[in-house]
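A.B. asks: Dropping the structure in here first, questions after.
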Amino acid sequence: MKSITISGSKRESVGKKSTKALRNAGLVPCVIYGGDEPIHFSAEEKAFKKLVYTPDAHTVVVDLGKDGKYNAIAQDMQWHPVKELLLHADFYQIFDDKMVTMEVPVQLTGASRGVLNGGVLRRNNRKLKVKALPANLPDFITIDITDMKIGHKKYVRDLRVEEYEIMHPDSVVVVMIKTSRTAIVEDDDDTEAGDVPSAQTDDEAAVKEN
């Protein structure tokens with residue numbers, strides 16, 4: 001899994017007054033849990049942009065200079081209720097020999113036969129929670145939807161591999177192809193992708209039906 005670095009400084013004082021002073025200075029108070037004891041630090045708000053404004057999953061290297069580097073994953077982000085300001089960030093320290101759980105995005109590849117024939121692609125789960133050693137955490141879980149026809153579904157049980165454990169029941173549907181009023185009857189002949197429209201979502205299908 002890809003990693004990003006957040007540079008910060010260790011905090012000696014963790015009271016409300018010092019936390020307020022940090023925020024007034026454009027810094028975000030943070031804590032790393034999971035080690036022998038919590039590690040309090042602060043970092044500039046802009047340091048979190050690559051972590052927050054992306055659909056990808058990342059591990060994090062928290063670089064505190066002379067106070068060391070820590071491998072971690074983001075656990076919780078607290079935001080201002082009105083302004084788009086990050087108020088606090090919690091991280092969980094990870095170790096090479098200890099399992100870790102985090103959400104990983106689902107990536108679809110291929111052009112579904114069912115969608116090409118007028119069906120509607122429905123993504124029930126855009127992220128899945130997985131458990132693995134840090135070295136085995138995937139950047140994303142890939143599903144090839146090329147052979148999916150109208151009515152077909154991909155379940156969690158279809159996605160299981162040895163490298164990591166998906167923390168959802170086998171019966172959970174991740175992606176499916178729904179029928180629609182514009183769908184045509186499918187046969188076993190191969191469909192030429194160039195002769196049919198591209199994938200449509202639930203919203204696009206609703207517009208066509210109305």
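By convention here, the chains of the structure tokens are called A, B, ... in the order presented, each chain's residues are numbered starting at 1, and ligands are numbered starting at 1 in the order presented.
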I need the residues of stretch 48-163 of chain A that end up classed as strand (DSSP E or B) by DSSP on the backbone, written out as a PyMOL selection string.
C.D. replies: chain A and resi 59-63+69-79+86-93+100-109+120-123+127-132+141-144+153-155
A.B. asks: Compile the contact shell of stretch 154-167 of chain A as a PDB file with N, CA and C atoms, in the first residue's frame: residues with an atom at most 12 Å away, counting only C-alpha atoms, same-chain residues fewer than 3 positions apart removed.
C.D. replies:
ATOM      1  N   MET A  99      -1.194  -7.645  12.776  1.00  0.00           N
ATOM      2  CA  MET A  99      -2.291  -7.428  11.837  1.00  0.00           C
ATOM      3  C   MET A  99      -2.932  -6.064  12.089  1.00  0.00           C
ATOM      4  N   VAL A 100      -3.422  -5.454  11.007  1.00  0.00           N
ATOM      5  CA  VAL A 100      -4.072  -4.148  11.102  1.00  0.00           C
ATOM      6  C   VAL A 100      -5.338  -4.188  10.250  1.00  0.00           C
ATOM      7  N   THR A 101      -6.358  -3.450  10.671  1.00  0.00           N
ATOM      8  CA  THR A 101      -7.619  -3.407   9.944  1.00  0.00           C
ATOM      9  C   THR A 101      -7.867  -2.009   9.418  1.00  0.00           C
ATOM     10  N   MET A 102      -8.252  -1.902   8.132  1.00  0.00           N
ATOM     11  CA  MET A 102      -8.567  -0.603   7.557  1.00  0.00           C
ATOM     12  C   MET A 102      -9.457  -0.779   6.334  1.00  0.00           C
ATOM     13  N   GLU A 103     -10.095   0.309   5.912  1.00  0.00           N
ATOM     14  CA  GLU A 103     -10.958   0.275   4.744  1.00  0.00           C
ATOM     15  C   GLU A 103     -10.147   0.490   3.474  1.00  0.00           C
ATOM     16  N   VAL A 104     -10.468  -0.302   2.450  1.00  0.00           N
ATOM     17  CA  VAL A 104      -9.756  -0.247   1.173  1.00  0.00           C
ATOM     18  C   VAL A 104     -10.780  -0.019   0.062  1.00  0.00           C
ATOM     19  N   VAL A 106     -12.787  -0.183  -3.523  1.00  0.00           N
ATOM     20  CA  VAL A 106     -13.052  -1.210  -4.528  1.00  0.00           C
ATOM     21  C   VAL A 106     -12.905  -0.584  -5.912  1.00  0.00           C
ATOM     22  N   GLN A 107     -12.135  -1.211  -6.777  1.00  0.00           N
ATOM     23  CA  GLN A 107     -11.899  -0.713  -8.132  1.00  0.00           C
ATOM     24  C   GLN A 107     -12.490  -1.687  -9.143  1.00  0.00           C
ATOM     25  N   LEU A 108     -13.285  -1.172 -10.080  1.00  0.00           N
ATOM     26  CA  LEU A 108     -13.897  -2.005 -11.115  1.00  0.00           C
ATOM     27  C   LEU A 108     -13.122  -1.885 -12.420  1.00  0.00           C
ATOM     28  N   LEU A 121     -25.416  -0.523 -13.656  1.00  0.00           N
ATOM     29  CA  LEU A 121     -24.375  -0.903 -12.703  1.00  0.00           C
ATOM     30  C   LEU A 121     -24.678  -0.298 -11.344  1.00  0.00           C
ATOM     31  N   ARG A 122     -24.741  -1.139 -10.325  1.00  0.00           N
ATOM     32  CA  ARG A 122     -24.982  -0.651  -8.963  1.00  0.00           C
ATOM     33  C   ARG A 122     -23.838  -1.086  -8.061  1.00  0.00           C
ATOM     34  N   ARG A 123     -23.186  -0.089  -7.440  1.00  0.00           N
ATOM     35  CA  ARG A 123     -22.073  -0.361  -6.525  1.00  0.00           C
ATOM     36  C   ARG A 123     -22.585  -0.281  -5.094  1.00  0.00           C
ATOM     37  N   ASN A 124     -22.788  -1.417  -4.474  1.00  0.00           N
ATOM     38  CA  ASN A 124     -23.308  -1.459  -3.108  1.00  0.00           C
ATOM     39  C   ASN A 124     -22.253  -1.078  -2.080  1.00  0.00           C
ATOM     40  N   ASN A 125     -20.995  -1.389  -2.359  1.00  0.00           N
ATOM     41  CA  ASN A 125     -19.908  -1.093  -1.424  1.00  0.00           C
ATOM     42  C   ASN A 125     -18.711  -0.559  -2.201  1.00  0.00           C
ATOM     43  N   LYS A 127     -16.091   0.692  -0.612  1.00  0.00           N
ATOM     44  CA  LYS A 127     -14.932   0.352   0.211  1.00  0.00           C
ATOM     45  C   LYS A 127     -15.256  -0.908   1.013  1.00  0.00           C
ATOM     46  N   LEU A 128     -14.217  -1.682   1.300  1.00  0.00           N
ATOM     47  CA  LEU A 128     -14.367  -2.865   2.124  1.00  0.00           C
ATOM     48  C   LEU A 128     -13.308  -2.851   3.229  1.00  0.00           C
ATOM     49  N   LYS A 129     -13.692  -3.322   4.392  1.00  0.00           N
ATOM     50  CA  LYS A 129     -12.762  -3.374   5.515  1.00  0.00           C
ATOM     51  C   LYS A 129     -11.960  -4.676   5.424  1.00  0.00           C
ATOM     52  N   VAL A 130     -10.633  -4.540   5.450  1.00  0.00           N
ATOM     53  CA  VAL A 130      -9.759  -5.710   5.358  1.00  0.00           C
ATOM     54  C   VAL A 130      -8.808  -5.756   6.553  1.00  0.00           C
ATOM     55  N   LYS A 131      -8.320  -6.967   6.827  1.00  0.00           N
ATOM     56  CA  LYS A 131      -7.372  -7.177   7.920  1.00  0.00           C
ATOM     57  C   LYS A 131      -6.171  -7.926   7.373  1.00  0.00           C
ATOM     58  N   ALA A 132      -4.969  -7.399   7.634  1.00  0.00           N
ATOM     59  CA  ALA A 132      -3.757  -8.007   7.090  1.00  0.00           C
ATOM     60  C   ALA A 132      -2.530  -7.469   7.807  1.00  0.00           C
ATOM     61  N   LEU A 133      -1.401  -8.117   7.574  1.00  0.00           N
ATOM     62  CA  LEU A 133      -0.134  -7.527   7.973  1.00  0.00           C
ATOM     63  C   LEU A 133       0.093  -6.297   7.101  1.00  0.00           C
ATOM     64  N   PRO A 134       0.753  -5.263   7.614  1.00  0.00           N
ATOM     65  CA  PRO A 134       0.958  -4.034   6.827  1.00  0.00           C
ATOM     66  C   PRO A 134       1.504  -4.277   5.429  1.00  0.00           C
ATOM     67  N   ALA A 135       2.419  -5.228   5.281  1.00  0.00           N
ATOM     68  CA  ALA A 135       3.028  -5.491   3.973  1.00  0.00           C
ATOM     69  C   ALA A 135       2.025  -6.073   2.982  1.00  0.00           C
ATOM     70  N   ASN A 136       0.932  -6.644   3.474  1.00  0.00           N
ATOM     71  CA  ASN A 136      -0.051  -7.284   2.595  1.00  0.00           C
ATOM     72  C   ASN A 136      -1.302  -6.440   2.364  1.00  0.00           C
ATOM     73  N   LEU A 137      -1.329  -5.238   2.919  1.00  0.00           N
ATOM     74  CA  LEU A 137      -2.491  -4.377   2.701  1.00  0.00           C
ATOM     75  C   LEU A 137      -2.548  -3.945   1.237  1.00  0.00           C
ATOM     76  N   PRO A 138      -3.678  -4.160   0.569  1.00  0.00           N
ATOM     77  CA  PRO A 138      -3.770  -3.783  -0.848  1.00  0.00           C
ATOM     78  C   PRO A 138      -4.100  -2.304  -1.009  1.00  0.00           C
ATOM     79  N   ASP A 139      -3.677  -1.716  -2.132  1.00  0.00           N
ATOM     80  CA  ASP A 139      -4.066  -0.340  -2.447  1.00  0.00           C
ATOM     81  C   ASP A 139      -5.557  -0.271  -2.738  1.00  0.00           C
ATOM     82  N   PHE A 140      -6.078  -1.321  -3.361  1.00  0.00           N
ATOM     83  CA  PHE A 140      -7.501  -1.419  -3.656  1.00  0.00           C
ATOM     84  C   PHE A 140      -7.843  -2.874  -3.948  1.00  0.00           C
ATOM     85  N   ILE A 141      -9.132  -3.200  -3.931  1.00  0.00           N
ATOM     86  CA  ILE A 141      -9.628  -4.526  -4.287  1.00  0.00           C
ATOM     87  C   ILE A 141     -10.236  -4.415  -5.683  1.00  0.00           C
ATOM     88  N   THR A 142      -9.713  -5.185  -6.618  1.00  0.00           N
ATOM     89  CA  THR A 142     -10.135  -5.095  -8.013  1.00  0.00           C
ATOM     90  C   THR A 142     -11.186  -6.150  -8.346  1.00  0.00           C
ATOM     91  N   ILE A 143     -12.239  -5.716  -9.035  1.00  0.00           N
ATOM     92  CA  ILE A 143     -13.272  -6.627  -9.517  1.00  0.00           C
ATOM     93  C   ILE A 143     -13.396  -6.467 -11.025  1.00  0.00           C
ATOM     94  N   ASP A 144     -13.208  -7.548 -11.765  1.00  0.00           N
ATOM     95  CA  ASP A 144     -13.394  -7.535 -13.216  1.00  0.00           C
ATOM     96  C   ASP A 144     -14.871  -7.833 -13.502  1.00  0.00           C
ATOM     97  N   ILE A 145     -15.573  -6.846 -14.072  1.00  0.00           N
ATOM     98  CA  ILE A 145     -17.007  -6.994 -14.306  1.00  0.00           C
ATOM     99  C   ILE A 145     -17.327  -7.363 -15.759  1.00  0.00           C
ATOM    100  N   THR A 146     -16.313  -7.703 -16.546  1.00  0.00           N
ATOM    101  CA  THR A 146     -16.500  -7.952 -17.975  1.00  0.00           C
ATOM    102  C   THR A 146     -17.583  -8.989 -18.254  1.00  0.00           C
ATOM    103  N   ASP A 147     -17.573 -10.091 -17.517  1.00  0.00           N
ATOM    104  CA  ASP A 147     -18.490 -11.200 -17.799  1.00  0.00           C
ATOM    105  C   ASP A 147     -19.824 -11.090 -17.047  1.00  0.00           C
ATOM    106  N   MET A 148     -20.047  -9.988 -16.345  1.00  0.00           N
ATOM    107  CA  MET A 148     -21.289  -9.855 -15.574  1.00  0.00           C
ATOM    108  C   MET A 148     -22.451  -9.479 -16.492  1.00  0.00           C
ATOM    109  N   LYS A 149     -23.523 -10.283 -16.463  1.00  0.00           N
ATOM    110  CA  LYS A 149     -24.728 -10.020 -17.232  1.00  0.00           C
ATOM    111  C   LYS A 149     -25.789  -9.391 -16.332  1.00  0.00           C
ATOM    112  N   ILE A 150     -26.909  -9.021 -16.909  1.00  0.00           N
ATOM    113  CA  ILE A 150     -28.019  -8.465 -16.136  1.00  0.00           C
ATOM    114  C   ILE A 150     -28.469  -9.490 -15.097  1.00  0.00           C
ATOM    115  N   GLY A 151     -28.553  -9.049 -13.854  1.00  0.00           N
ATOM    116  CA  GLY A 151     -28.935  -9.940 -12.758  1.00  0.00           C
ATOM    117  C   GLY A 151     -27.761 -10.539 -12.017  1.00  0.00           C
ATOM    118  N   ASP A 170     -19.706 -13.412   3.777  1.00  0.00           N
ATOM    119  CA  ASP A 170     -19.630 -13.867   2.387  1.00  0.00           C
ATOM    120  C   ASP A 170     -20.819 -13.409   1.558  1.00  0.00           C
ATOM    121  N   SER A 171     -21.980 -13.245   2.193  1.00  0.00           N
ATOM    122  CA  SER A 171     -23.218 -12.944   1.469  1.00  0.00           C
ATOM    123  C   SER A 171     -23.384 -11.473   1.086  1.00  0.00           C
ATOM    124  N   VAL A 172     -22.459 -10.618   1.507  1.00  0.00           N
ATOM    125  CA  VAL A 172     -22.560  -9.190   1.190  1.00  0.00           C
ATOM    126  C   VAL A 172     -22.321  -8.967  -0.303  1.00  0.00           C
ATOM    127  N   VAL A 173     -23.253  -8.244  -0.956  1.00  0.00           N
ATOM    128  CA  VAL A 173     -23.125  -7.919  -2.378  1.00  0.00           C
ATOM    129  C   VAL A 173     -22.286  -6.649  -2.532  1.00  0.00           C
ATOM    130  N   VAL A 174     -21.255  -6.719  -3.353  1.00  0.00           N
ATOM    131  CA  VAL A 174     -20.368  -5.578  -3.569  1.00  0.00           C
ATOM    132  C   VAL A 174     -20.785  -4.793  -4.806  1.00  0.00           C
ATOM    133  N   VAL A 175     -21.104  -5.501  -5.877  1.00  0.00           N
ATOM    134  CA  VAL A 175     -21.524  -4.852  -7.125  1.00  0.00           C
ATOM    135  C   VAL A 175     -22.524  -5.757  -7.826  1.00  0.00           C
ATOM    136  N   MET A 176     -23.482  -5.164  -8.554  1.00  0.00           N
ATOM    137  CA  MET A 176     -24.481  -5.950  -9.262  1.00  0.00           C
ATOM    138  C   MET A 176     -24.915  -5.212 -10.527  1.00  0.00           C
ATOM    139  N   ILE A 177     -25.509  -5.962 -11.462  1.00  0.00           N
ATOM    140  CA  ILE A 177     -26.056  -5.379 -12.683  1.00  0.00           C
ATOM    141  C   ILE A 177     -27.573  -5.533 -12.619  1.00  0.00           C
TER     142      ILE A 177
END
A.B. asks: Smallest atom-to-atom distance to A:Gly119: which of A:Lys49, A:Lys178, A:His58, A:His152, using only C-alpha atoms?
C.D. replies: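 Result for the nearest residue to A:Gly119: A:Lys178.
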A.B. asks: Write down as a list in words the residues of stretch 3-180 of chain A whose backbone DSSP state falls under alpha helix (DSSP H).
C.D. replies: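 Of stretch 3-180 of chain A, the ones in alpha helix (DSSP H) are Lys16, Lys17, Ser18, Thr19, Lys20, Ala21, Leu22, Arg23, Asn24, Lys49, Lys50, Leu51, Val52, Arg113, Gly114, Val115 and Leu116 of chain A.
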A.B. asks: Suppose we keep C-alpha atoms; can you now write the selection as a PDB file, in the first residue's frame?
C.D. replies:
ATOM      1  CA  LYS A  16      -7.342  22.825  26.260  1.00  0.00           C
ATOM      2  CA  LYS A  17      -5.420  26.095  26.317  1.00  0.00           C
ATOM      3  CA  SER A  18      -2.459  24.706  24.367  1.00  0.00           C
ATOM      4  CA  THR A  19      -4.796  22.919  21.919  1.00  0.00           C
ATOM      5  CA  LYS A  20      -6.612  26.189  21.213  1.00  0.00           C
ATOM      6  CA  ALA A  21      -3.290  27.963  20.686  1.00  0.00           C
ATOM      7  CA  LEU A  22      -2.233  25.308  18.171  1.00  0.00           C
ATOM      8  CA  ARG A  23      -5.446  25.690  16.179  1.00  0.00           C
ATOM      9  CA  ASN A  24      -5.101  29.472  16.182  1.00  0.00           C
ATOM     10  CA  LYS A  49      -4.407  17.231   2.095  1.00  0.00           C
ATOM     11  CA  LYS A  50      -2.953  14.136   0.408  1.00  0.00           C
ATOM     12  CA  LEU A  51      -4.495  11.977   3.129  1.00  0.00           C
ATOM     13  CA  VAL A  52      -7.948  13.551   3.267  1.00  0.00           C
ATOM     14  CA  ARG A 113     -21.975  -7.301 -20.867  1.00  0.00           C
ATOM     15  CA  GLY A 114     -25.071  -6.531 -18.833  1.00  0.00           C
ATOM     16  CA  VAL A 115     -24.424  -2.787 -18.831  1.00  0.00           C
ATOM     17  CA  LEU A 116     -23.649  -2.822 -22.549  1.00  0.00           C
TER      18      LEU A 116
END
A.B. asks: Could you jot down the atom CA of A:Gly110 to atom CA of A:Ser180 separation for me, Å, one decimal place?
C.D. replies: 20.4 Å
A.B. asks: What's the 9 Å shell around stretch 6-14 of chain A, counting only C-alpha atoms, without same-chain residues fewer than 4 positions away, as a PyMOL selection string?
C.D. replies: chain A and resi 18-19+29-30+39-44+47-48+60-65+67
A.B. asks: Do you have the atom CA of A:Ala72-atom CA of A:Thr5 distance handy?
C.D. replies: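 Atom CA of A:Thr5 lies at a distance of 10.1 Å from atom CA of A:Ala72.
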